[in-house]
Amino acid sequence: MKILILSHRVPFPQNGGYAIVVANTIKGLVNLGHEVSLVALNAKKNNYESRLPDDDLIGKIKYRAYDIDTTVTLFGVAVNLFSKTSFNIDRYYDPEFEKVLIRELRNTNYDIIQFEGLLVSLYLPAVRKYSKAKLIYRAHNIENQIWEGLSMQKVDPFKKSYLRMHAKRIKNYELQQLNKFDAIAVFTQQDKSTLLGYGINVPIEILPVGLSLEKYVVDISKTEFPSLFFLGSLDWLPNREGMEWFLDNFFKELTGGDLPVKLYVAGNDIPDRFDDYEALGKIFIQGEVDDALEFVNSKSIMIVPLLSGGGMRVKIVEGMAMQKCIISTSLGAEGINYTNGHDLIIANNREEFFNAIQRCIRDEEFCLQLGQNARRLLEKEHDINVVTANLVKFYEVWCS
């Protein structure tokens with residue numbers, strides 16, 4: 001099959017879990033012998049080189065990145081208050097990129113065109129007009145749920161009202177767009193149930209996050225025990241909100257001795273205000289790391305304090321692949337077929353997080369066992385070759 005992937009981000013590692021999923025999907029499709037093209041937007045604010053994380057992959061696919069300025073301005077936000085759509089979506093539309101995309105569609109007859117998330121669905125009308133391919137939508141998140149969840153966490157009435165307004169606008173847009181696709185792929189049963197509840201009437205398939213597991217090599221001799229860590233992009237609001245909640249709730253315990261363990265926070269786009277959480281020898285705000293997997297290997301206990309959002313979190317799946325002992329909210333572990341206390345630990349409030357951290361930092365053998373169980377679960381259910389083979393079957397069944 002000839003398959004075109006449309007992405008709103010260049011699948012470069014620092015672009016977060018979204019990029020890892022896209023890159024791994026492409027690799028899996030290529031491994032199965034399919035002809036793959038990738039057209040990606042490269043947001044100016046990211047300032048990444050227009051290249052793939054796997055240099056060997058470049059020679060095996062047709063690839064084009066297009067630079068776009070998605071900077072949010074106060075004027076743009078003010079103008080958007082009088083619009084019916086959300087600036088968070090509108091800023092990803094570029095008429096020149098649409099022309100590039102149309103030329104690509106005129107030059108190549110694709111069998112499948114896969115839209116990676118809501119932001120590239122802005123180009124759905126043009127794609128439908130200029131291509132006879134079957135159009136697949138992959139829901140990395142249910143976008144309006146993210147904004148609704150964020151609004152529920154706010155106390156300030158203006159911020160709460162503003163976020164709810166955007167949640168409503170994004171939901172209206174999602175409902176308008178999703179029934180225009182030929183089929184939808186989601187990562188979790190929860191997301192499928194949500195879309196069905198919205199009245200989406202196109203076929204929906206559950207396909208979990210897949211990883212190239214040979215990349216995830218563990219060396220426990222280089223692991224600091226005990227140590228807590230968080231790794232994720234903090235320009236994604238649910239990540240930022242979750243870590244602010246965690247740091248606000250446990251700063252005294254981490255710095256005062258009730259929880260005698262160091263905390264490392266790493267990821268791209270960490271706001272400057274997070275520097276205020278740094279505590280000498282106790283809490284380290286590291287920012288972007290050169291090698292994410294090396295960083296993960298060097299720490300022992302992963303925290304995922306996610307309070308809003310949806311879909312399957314790629315970083316927690318990567319943590320399981322690296323045999324990490326993981327403490328997560330139920331939302332953070334959504335879509336993973338775990339057993340609480342066997343593959344990871346679920347903590348949904350301050351008390352549960354405190355108790356889980358205490359247990360883990362006192363019992364290294366327990367942590368090691370959880371990590372080994374997690375890796376076995378990943379090998380069974382999240383190998384990219386298995387997941388991608390099921391994706392192709394989905395193409396064949398619903399899009400023939």
# chains A, B, ... in the order shown; residues from 1 in each chain; ligands from 1

call {"tool": "residues_around", "arguments": {"residues": "Phe187 in chain A", "least_positions_apart": "2", "cutoff": "10 Å", "atoms": "only C-alpha atoms", "output": "PyMOL selection string"}}
result
chain A and resi 138-141+185+189-192+205-210+310-313+334-336

call {"tool": "residues_around", "arguments": {"residues": "range 25-31 of chain A", "least_positions_apart": "2", "cutoff": "12 Å", "atoms": "only C-alpha atoms", "output": "JSON, numbers by chain"}}
result
{"A": [1, 2, 3, 4, 5, 6, 7, 11, 18, 19, 20, 21, 22, 23, 33, 34, 35, 36, 37, 38, 39, 52, 53, 54, 55, 56, 57, 58, 59, 60, 61, 62, 63, 112, 114, 116, 138, 207, 208, 209, 210, 211, 212, 213, 382, 383, 384, 385, 386, 387, 388, 389, 390, 391, 392, 393, 395]}

call {"tool": "write_last_selection", "arguments": {"atoms": "C-alpha atoms", "output": "PDB file, in the first residue's frame"}}
result
ATOM      1  CA  MET A   1       0.000   0.000   0.000  1.00  0.00           C
ATOM      2  CA  LYS A   2       0.942   3.633  -0.519  1.00  0.00           C
ATOM      3  CA  ILE A   3       0.418   5.426   2.790  1.00  0.00           C
ATOM      4  CA  LEU A   4       0.713   9.146   3.560  1.00  0.00           C
ATOM      5  CA  ILE A   5       1.169  10.232   7.190  1.00  0.00           C
ATOM      6  CA  LEU A   6       0.168  13.813   8.059  1.00  0.00           C
ATOM      7  CA  SER A   7       1.703  15.111  11.288  1.00  0.00           C
ATOM      8  CA  PRO A  11       8.802  13.136  14.647  1.00  0.00           C
ATOM      9  CA  TYR A  18       3.435  12.035  19.996  1.00  0.00           C
ATOM     10  CA  ALA A  19       6.552  12.114  17.822  1.00  0.00           C
ATOM     11  CA  ILE A  20       7.730   8.729  19.094  1.00  0.00           C
ATOM     12  CA  VAL A  21       4.385   7.149  18.186  1.00  0.00           C
ATOM     13  CA  VAL A  22       4.460   8.634  14.683  1.00  0.00           C
ATOM     14  CA  ALA A  23       8.077   7.613  14.056  1.00  0.00           C
ATOM     15  CA  GLY A  33       6.982  -3.524   3.062  1.00  0.00           C
ATOM     16  CA  HIS A  34       4.624  -0.573   2.595  1.00  0.00           C
ATOM     17  CA  GLU A  35       5.490   2.608   0.689  1.00  0.00           C
ATOM     18  CA  VAL A  36       5.308   5.454   3.214  1.00  0.00           C
ATOM     19  CA  SER A  37       5.380   9.231   2.817  1.00  0.00           C
ATOM     20  CA  LEU A  38       5.471  11.726   5.659  1.00  0.00           C
ATOM     21  CA  VAL A  39       4.414  15.351   5.430  1.00  0.00           C
ATOM     22  CA  LEU A  52      13.834  12.134  11.519  1.00  0.00           C
ATOM     23  CA  PRO A  53      15.158  10.548  14.721  1.00  0.00           C
ATOM     24  CA  ASP A  54      16.207   7.465  12.766  1.00  0.00           C
ATOM     25  CA  ASP A  55      18.597   8.563  10.024  1.00  0.00           C
ATOM     26  CA  ASP A  56      18.332   5.141   8.381  1.00  0.00           C
ATOM     27  CA  LEU A  57      14.601   5.696   7.934  1.00  0.00           C
ATOM     28  CA  ILE A  58      15.029   8.817   5.799  1.00  0.00           C
ATOM     29  CA  GLY A  59      16.270   6.809   2.826  1.00  0.00           C
ATOM     30  CA  LYS A  60      13.285   4.464   3.021  1.00  0.00           C
ATOM     31  CA  ILE A  61      10.439   6.992   2.907  1.00  0.00           C
ATOM     32  CA  LYS A  62       9.382  10.118   1.058  1.00  0.00           C
ATOM     33  CA  TYR A  63       9.648  12.964   3.553  1.00  0.00           C
ATOM     34  CA  ILE A 112      -4.370   5.474   2.850  1.00  0.00           C
ATOM     35  CA  GLN A 114      -3.515   8.944   8.097  1.00  0.00           C
ATOM     36  CA  GLU A 116      -2.115  12.145  13.269  1.00  0.00           C
ATOM     37  CA  ARG A 138      -5.670   8.629  14.796  1.00  0.00           C
ATOM     38  CA  LEU A 207      -4.604   0.028  18.714  1.00  0.00           C
ATOM     39  CA  PRO A 208      -2.169   0.605  21.620  1.00  0.00           C
ATOM     40  CA  VAL A 209       1.126   2.462  21.531  1.00  0.00           C
ATOM     41  CA  GLY A 210       3.864   0.355  19.956  1.00  0.00           C
ATOM     42  CA  LEU A 211       7.601   0.567  20.631  1.00  0.00           C
ATOM     43  CA  SER A 212      10.703  -0.760  18.913  1.00  0.00           C
ATOM     44  CA  LEU A 213      11.727  -2.691  22.002  1.00  0.00           C
ATOM     45  CA  HIS A 382       3.239  -3.201  22.767  1.00  0.00           C
ATOM     46  CA  ASP A 383       5.818  -4.521  20.283  1.00  0.00           C
ATOM     47  CA  ILE A 384       5.681  -2.169  17.261  1.00  0.00           C
ATOM     48  CA  ASN A 385       5.694  -5.011  14.743  1.00  0.00           C
ATOM     49  CA  VAL A 386       2.593  -6.586  16.307  1.00  0.00           C
ATOM     50  CA  VAL A 387       0.791  -3.262  16.718  1.00  0.00           C
ATOM     51  CA  THR A 388       1.552  -2.130  13.155  1.00  0.00           C
ATOM     52  CA  ALA A 389       0.449  -5.462  11.674  1.00  0.00           C
ATOM     53  CA  ASN A 390      -2.895  -4.922  13.410  1.00  0.00           C
ATOM     54  CA  LEU A 391      -3.031  -1.368  12.041  1.00  0.00           C
ATOM     55  CA  VAL A 392      -2.604  -2.699   8.500  1.00  0.00           C
ATOM     56  CA  LYS A 393      -5.386  -5.257   9.101  1.00  0.00           C
ATOM     57  CA  TYR A 395      -6.772  -0.540   6.935  1.00  0.00           C
TER      58      TYR A 395
END

call {"tool": "select_by_dssp", "arguments": {"residues": "range 79-286 of chain A", "states": "helix (DSSP H, G or I)", "output": "ChimeraX atom specification"}}
result
/A:79-80,87-90,95-107,118-130,143-153,157-178,189-197,213-215,220-222,237-256,272-277

call {"tool": "residues_around", "arguments": {"residues": "Gly242 in chain A", "least_positions_apart": "2", "cutoff": "10 Å", "atoms": "only C-alpha atoms", "output": "PyMOL selection string"}}
result
chain A and resi 234+237-240+244-248+304-308+329+332

call {"tool": "residues_around", "arguments": {"residues": "Arg64 in chain A", "least_positions_apart": "4", "cutoff": "10 Å", "atoms": "only C-alpha atoms", "output": "list in words"}}
result
Val10, Ser37, Leu38, Val39, Ala40, Leu41, Asn42, Ser50, Arg51, Val100, Leu101 and Glu104 of chain A

call {"tool": "write_last_selection", "arguments": {"atoms": "all heavy atoms", "output": "PDB file, in the first residue's frame"}}
result
ATOM      1  N   VAL A  10       7.272  17.427  13.551  1.00  0.00           N
ATOM      2  CA  VAL A  10       8.331  16.576  13.032  1.00  0.00           C
ATOM      3  C   VAL A  10       8.598  15.487  14.072  1.00  0.00           C
ATOM      4  O   VAL A  10       8.761  15.790  15.251  1.00  0.00           O
ATOM      5  CB  VAL A  10       9.610  17.391  12.774  1.00  0.00           C
ATOM      6  CG1 VAL A  10      10.758  16.473  12.375  1.00  0.00           C
ATOM      7  CG2 VAL A  10       9.361  18.434  11.691  1.00  0.00           C
ATOM      8  N   SER A  37       4.982   7.830   2.919  1.00  0.00           N
ATOM      9  CA  SER A  37       5.380   9.231   2.817  1.00  0.00           C
ATOM     10  C   SER A  37       4.977   9.945   4.091  1.00  0.00           C
ATOM     11  O   SER A  37       3.961   9.610   4.710  1.00  0.00           O
ATOM     12  CB  SER A  37       4.706   9.906   1.616  1.00  0.00           C
ATOM     13  OG  SER A  37       5.067   9.288   0.402  1.00  0.00           O
ATOM     14  N   LEU A  38       5.774  10.916   4.483  1.00  0.00           N
ATOM     15  CA  LEU A  38       5.471  11.726   5.659  1.00  0.00           C
ATOM     16  C   LEU A  38       5.516  13.194   5.275  1.00  0.00           C
ATOM     17  O   LEU A  38       6.496  13.670   4.715  1.00  0.00           O
ATOM     18  CB  LEU A  38       6.489  11.455   6.771  1.00  0.00           C
ATOM     19  CG  LEU A  38       6.471  12.419   7.964  1.00  0.00           C
ATOM     20  CD1 LEU A  38       5.175  12.306   8.759  1.00  0.00           C
ATOM     21  CD2 LEU A  38       7.678  12.186   8.876  1.00  0.00           C
ATOM     22  N   VAL A  39       4.436  13.894   5.572  1.00  0.00           N
ATOM     23  CA  VAL A  39       4.414  15.351   5.430  1.00  0.00           C
ATOM     24  C   VAL A  39       4.133  15.913   6.819  1.00  0.00           C
ATOM     25  O   VAL A  39       3.105  15.607   7.431  1.00  0.00           O
ATOM     26  CB  VAL A  39       3.338  15.818   4.424  1.00  0.00           C
ATOM     27  CG1 VAL A  39       3.285  17.344   4.381  1.00  0.00           C
ATOM     28  CG2 VAL A  39       3.633  15.265   3.034  1.00  0.00           C
ATOM     29  N   ALA A  40       5.058  16.728   7.332  1.00  0.00           N
ATOM     30  CA  ALA A  40       4.961  17.197   8.717  1.00  0.00           C
ATOM     31  C   ALA A  40       5.109  18.703   8.801  1.00  0.00           C
ATOM     32  O   ALA A  40       5.898  19.319   8.074  1.00  0.00           O
ATOM     33  CB  ALA A  40       6.040  16.531   9.566  1.00  0.00           C
ATOM     34  N   LEU A  41       4.337  19.290   9.698  1.00  0.00           N
ATOM     35  CA  LEU A  41       4.520  20.685  10.047  1.00  0.00           C
ATOM     36  C   LEU A  41       5.643  20.788  11.069  1.00  0.00           C
ATOM     37  O   LEU A  41       5.745  19.957  11.980  1.00  0.00           O
ATOM     38  CB  LEU A  41       3.232  21.261  10.655  1.00  0.00           C
ATOM     39  CG  LEU A  41       2.047  21.406   9.694  1.00  0.00           C
ATOM     40  CD1 LEU A  41       0.774  21.713  10.478  1.00  0.00           C
ATOM     41  CD2 LEU A  41       2.312  22.502   8.673  1.00  0.00           C
ATOM     42  N   ASN A  42       6.489  21.792  10.928  1.00  0.00           N
ATOM     43  CA  ASN A  42       7.576  22.017  11.874  1.00  0.00           C
ATOM     44  C   ASN A  42       7.367  23.391  12.497  1.00  0.00           C
ATOM     45  O   ASN A  42       7.686  24.413  11.898  1.00  0.00           O
ATOM     46  CB  ASN A  42       8.929  21.946  11.159  1.00  0.00           C
ATOM     47  CG  ASN A  42      10.091  22.033  12.132  1.00  0.00           C
ATOM     48  OD1 ASN A  42      10.017  21.545  13.247  1.00  0.00           O
ATOM     49  ND2 ASN A  42      11.169  22.664  11.703  1.00  0.00           N
ATOM     50  N   SER A  50      14.711  19.685  10.429  1.00  0.00           N
ATOM     51  CA  SER A  50      13.685  18.907   9.723  1.00  0.00           C
ATOM     52  C   SER A  50      14.227  17.543   9.334  1.00  0.00           C
ATOM     53  O   SER A  50      14.418  17.222   8.171  1.00  0.00           O
ATOM     54  CB  SER A  50      13.220  19.685   8.475  1.00  0.00           C
ATOM     55  OG  SER A  50      12.664  20.907   8.862  1.00  0.00           O
ATOM     56  N   ARG A  51      14.512  16.744  10.347  1.00  0.00           N
ATOM     57  CA  ARG A  51      15.000  15.411  10.084  1.00  0.00           C
ATOM     58  C   ARG A  51      14.371  14.417  11.047  1.00  0.00           C
ATOM     59  O   ARG A  51      13.828  14.788  12.086  1.00  0.00           O
ATOM     60  CB  ARG A  51      16.530  15.339  10.195  1.00  0.00           C
ATOM     61  CG  ARG A  51      17.081  15.668  11.576  1.00  0.00           C
ATOM     62  CD  ARG A  51      18.598  15.650  11.538  1.00  0.00           C
ATOM     63  NE  ARG A  51      19.179  15.990  12.822  1.00  0.00           N
ATOM     64  CZ  ARG A  51      19.420  15.122  13.797  1.00  0.00           C
ATOM     65  NH1 ARG A  51      19.083  13.848  13.629  1.00  0.00           N
ATOM     66  NH2 ARG A  51      19.975  15.505  14.922  1.00  0.00           N
ATOM     67  N   VAL A 100       1.236  23.022  -0.732  1.00  0.00           N
ATOM     68  CA  VAL A 100       2.256  21.974  -0.790  1.00  0.00           C
ATOM     69  C   VAL A 100       1.597  20.604  -0.717  1.00  0.00           C
ATOM     70  O   VAL A 100       1.931  19.677  -1.473  1.00  0.00           O
ATOM     71  CB  VAL A 100       3.271  22.139   0.357  1.00  0.00           C
ATOM     72  CG1 VAL A 100       4.189  20.918   0.457  1.00  0.00           C
ATOM     73  CG2 VAL A 100       4.098  23.405   0.161  1.00  0.00           C
ATOM     74  N   LEU A 101       0.649  20.474   0.171  1.00  0.00           N
ATOM     75  CA  LEU A 101      -0.058  19.205   0.359  1.00  0.00           C
ATOM     76  C   LEU A 101      -0.858  18.834  -0.883  1.00  0.00           C
ATOM     77  O   LEU A 101      -0.850  17.674  -1.324  1.00  0.00           O
ATOM     78  CB  LEU A 101      -0.979  19.316   1.575  1.00  0.00           C
ATOM     79  CG  LEU A 101      -1.763  18.082   1.987  1.00  0.00           C
ATOM     80  CD1 LEU A 101      -0.832  16.902   2.246  1.00  0.00           C
ATOM     81  CD2 LEU A 101      -2.589  18.385   3.235  1.00  0.00           C
ATOM     82  N   GLU A 104       1.361  17.441  -3.512  1.00  0.00           N
ATOM     83  CA  GLU A 104       1.732  16.067  -3.186  1.00  0.00           C
ATOM     84  C   GLU A 104       0.614  15.098  -3.583  1.00  0.00           C
ATOM     85  O   GLU A 104       0.872  14.018  -4.120  1.00  0.00           O
ATOM     86  CB  GLU A 104       2.026  15.960  -1.690  1.00  0.00           C
ATOM     87  CG  GLU A 104       2.326  14.563  -1.198  1.00  0.00           C
ATOM     88  CD  GLU A 104       3.602  13.987  -1.786  1.00  0.00           C
ATOM     89  OE1 GLU A 104       4.514  14.773  -2.150  1.00  0.00           O
ATOM     90  OE2 GLU A 104       3.691  12.746  -1.871  1.00  0.00           O
TER      91      GLU A 104
END

call {"tool": "select_by_dssp", "arguments": {"residues": "range 72-219 of chain A", "states": "strand (DSSP E)", "output": "PyMOL selection string"}}
result
chain A and resi 112-116+134-139+183-186+204-206

call {"tool": "closest_residue", "arguments": {"among": "A:His8, A:Phe181, A:Tyr93, A:Asn107", "to": "Trp398 in chain A", "atoms": "only C-alpha atoms"}}
result
A:Phe181

call {"tool": "atom_distance", "arguments": {"atom1": "CA of Ala65 in chain A", "atom2": "CA of Gly117 in chain A"}}
result
16.7 Å

call {"tool": "atom_distance", "arguments": {"atom1": "CA of Ile102 in chain A", "atom2": "CA of Ser131 in chain A"}}
result
8.8 Å

call {"tool": "atom_distance", "arguments": {"atom1": "CA of Asp275 in chain A", "atom2": "CA of Val314 in chain A"}}
result
25.5 Å

call {"tool": "closest_residue", "arguments": {"among": "A:Gln176, A:Met320, A:Ile345, A:Gly267", "to": "Arg376 in chain A", "atoms": "only C-alpha atoms"}}
result
A:Met320
